[in-house]
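Heads up: the structure comes next, in structure tokens.
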Amino acid sequence: MKFEKWQALGNDYLILEQERLPWDLTATRVEWLCDQHFGVGSDGVLLLSRSEDPEFVAELRIFNPDGSEAELSGNGAREAILYLRRNGWTDAEEFAIKTVAGPIRPTITGELTCSVDMGQASTTSKDFPSGPEDGRGTLESAGRQWEFQHVSIGNPQCAIVVADEELDDLDLGEIGPGIEGNELFPNRTNVSFLAVDGDRVRARIFERGVGETLSSGTGASGAAVTAFLRGAPSPLVVELEGGELQVEIAEDLSVRLDGWAEPVFAGELSPELVEALAALDGN
């Protein structure tokens, strides 16, 4: 069973094609594949399948390393987009992909770069059902009160503005779990801590189902929207641990994300691993 591994700003995914799978991609199988000791090792799995709707080049499903399914990933989306182009699914410069969060519409800008219309962000969503129209709130984690901004950008984001000098010293491993799993967010939430300086944003990301990560495209988008709502200009450069992304935000909170992704390697699962995975979940 063939696969490719791609990365974007240090956020790496295994890319699988549905028609090549000899079994269903269950949560347990995702966990095993993502395990660096027993599987291939990655931050998640991207599953691509052909779409019956001619509007879409492909359908994309995104899985976290704990086996849960994510609605959207900015880094994962770029990896999938450039994989599709590189592997001949389309030769178009502009096309559409169907995701759980809705359509995304990329524009190819280079061999390993693209610009992605991420859709319209919102400060209200089912993922923060008790939230006010402006999406602002306060919660407690690690013995401290945090003022936050809820942003839905295909998936839930909880963005917290801090002073620049404080950002590097935050212990996300201690603070993050209490926010991710807070009762305010019935489907859990991604968390970003950000500091704003003019047209630049520095951010650290605690990703739902992952923990602290080098980067997140939707996390960068949520941080940028939060900065924009507080008076920052557009576009914004978001500096993450793994590198930089450019985020453009319109007045209606439509978001466009510009960045890169690249292949790390292509491989084939051994017959022994395929058989072991087949034995899981009774399949």
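Ligands are numbered from 1 in the order shown, residues from 1 within each chain, and chains are lettered A, B, ... in the order they appear in the structure tokens.
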Shell around Glu241 (chain A) at 9 Å using only C-alpha atoms, local window under 2 positions removed, as a ChimeraX atom specification | /A:9-10,202-205,213-215,239,243-244
#### Entry: Those of region 115-279 of chain A in DSSP strand (DSSP E), formatted as a PyMOL selection string
chain A and resi 115-120+136-141+144-152+156-161+190-197+200-207+211-213+236-240+243-249+254-260+262-268
With the cut-off set at 12 Å and counting only C-alpha atoms, tabulate each residue of region 65-142 of chain A with an atom at most that distance from an atom of region 189-196 of chain A, showing the nearest atom pair and its distance in Å to one decimal, ordered by chain and increasing number, as CSV.
residue,atom,partner,partner_atom,distance
A:Ala70,CA,A:Asn190,CA,10.4
A:Glu71,CA,A:Thr189,CA,11.5
A:Leu72,CA,A:Asn190,CA,11.4
A:Ser73,CA,A:Asn190,CA,11.0
A:Ser125,CA,A:Thr189,CA,11.8
A:Lys126,CA,A:Thr189,CA,11.5
A:Asp127,CA,A:Thr189,CA,7.8
A:Phe128,CA,A:Thr189,CA,9.1
Practice item. Return the single residue from A:Ile104, A:Ala227, A:Ile15, A:Val116 that is closest to Val162 (chain A), with distances computed using only C-alpha atoms. Key: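 Using only C-alpha atoms, the shortest distance to Val162 (chain A) belongs to A:Ala227.
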If you run DSSP on the backbone here, which positions in region 99-189 of chain A get helix (DSSP H, G or I)? Please write them as a list in words.
Asp164, Glu165, Glu166, Leu167, Leu172, Gly173, Glu174, Ile175, Gly176, Pro177, Gly178, Ile179 and Glu180 of chain A
Could the residues in this selection be saved with N, CA and C atoms as a short mmCIF file (atom, residue, chain, number, x, y, z; two decimals), in the first residue's frame?
data_model
loop_
_atom_site.label_atom_id
_atom_site.label_comp_id
_atom_site.auth_asym_id
_atom_site.auth_seq_id
_atom_site.Cartn_x
_atom_site.Cartn_y
_atom_site.Cartn_z
N ASP A 164 4.19 40.31 24.08
CA ASP A 164 5.24 39.65 23.31
C ASP A 164 6.28 38.99 24.21
N GLU A 165 6.64 39.68 25.30
CA GLU A 165 7.68 39.15 26.19
C GLU A 165 7.20 37.94 26.98
N GLU A 166 5.90 37.73 27.05
CA GLU A 166 5.35 36.60 27.79
C GLU A 166 5.20 35.35 26.94
N LEU A 167 5.08 35.53 25.63
CA LEU A 167 4.71 34.43 24.74
C LEU A 167 5.66 33.24 24.84
N LEU A 172 2.71 25.67 27.42
CA LEU A 172 1.49 25.24 26.74
C LEU A 172 1.07 23.83 27.15
N GLY A 173 2.04 23.00 27.53
CA GLY A 173 1.70 21.66 27.98
C GLY A 173 0.87 21.67 29.25
N GLU A 174 1.03 22.69 30.08
CA GLU A 174 0.25 22.83 31.30
C GLU A 174 -1.05 23.58 31.05
N ILE A 175 -0.98 24.62 30.23
CA ILE A 175 -2.13 25.50 30.03
C ILE A 175 -3.12 24.93 29.01
N GLY A 176 -2.58 24.36 27.92
CA GLY A 176 -3.40 23.98 26.78
C GLY A 176 -4.52 23.00 27.05
N PRO A 177 -4.27 21.88 27.76
CA PRO A 177 -5.34 20.88 27.94
C PRO A 177 -6.59 21.43 28.61
N GLY A 178 -6.42 22.33 29.58
CA GLY A 178 -7.56 22.89 30.28
C GLY A 178 -8.40 23.80 29.41
N ILE A 179 -7.81 24.34 28.35
CA ILE A 179 -8.56 25.18 27.41
C ILE A 179 -9.16 24.31 26.32
N GLU A 180 -8.36 23.41 25.75
CA GLU A 180 -8.85 22.51 24.70
C GLU A 180 -10.12 21.80 25.13
#
Closest atom pairs, region 56-99 of chain A residues within 10 Å of region 257-265 of chain A, only C-alpha atoms, as JSON lines:
{"residue": "A:Gly74", "atom": "CA", "partner": "A:Leu257", "partner_atom": "CA", "distance": 7.7}
{"residue": "A:Asn75", "atom": "CA", "partner": "A:Ala261", "partner_atom": "CA", "distance": 7.5}
{"residue": "A:Gly76", "atom": "CA", "partner": "A:Ala261", "partner_atom": "CA", "distance": 8.7}
{"residue": "A:Ala77", "atom": "CA", "partner": "A:Ala261", "partner_atom": "CA", "distance": 9.4}
{"residue": "A:Arg78", "atom": "CA", "partner": "A:Ala261", "partner_atom": "CA", "distance": 6.2}
{"residue": "A:Glu79", "atom": "CA", "partner": "A:Ala261", "partner_atom": "CA", "distance": 5.3}
{"residue": "A:Ala80", "atom": "CA", "partner": "A:Ala261", "partner_atom": "CA", "distance": 9.0}
{"residue": "A:Ile81", "atom": "CA", "partner": "A:Ala261", "partner_atom": "CA", "distance": 9.1}
{"residue": "A:Leu82", "atom": "CA", "partner": "A:Ala261", "partner_atom": "CA", "distance": 7.2}
{"residue": "A:Tyr83", "atom": "CA", "partner": "A:Pro263", "partner_atom": "CA", "distance": 8.1}
{"residue": "A:Arg86", "atom": "CA", "partner": "A:Pro263", "partner_atom": "CA", "distance": 9.9}
Give me, as a count of residues only, all polymer residues having an atom no more than 9 Å from Ala27 (chain A), counting only C-alpha atoms and skipping those fewer than 3 positions away in the same chain.
10
Expressed in Å, the length from CA of Gly267 (chain A) to CA of Lys5 (chain A) is 8.2 Å
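Residue nearest Thr124 (chain A) within the list A:Val100, A:Leu280, A:Ile153, A:Leu21: A:Ile153 [criterion: smallest interatomic distance, only C-alpha atoms].
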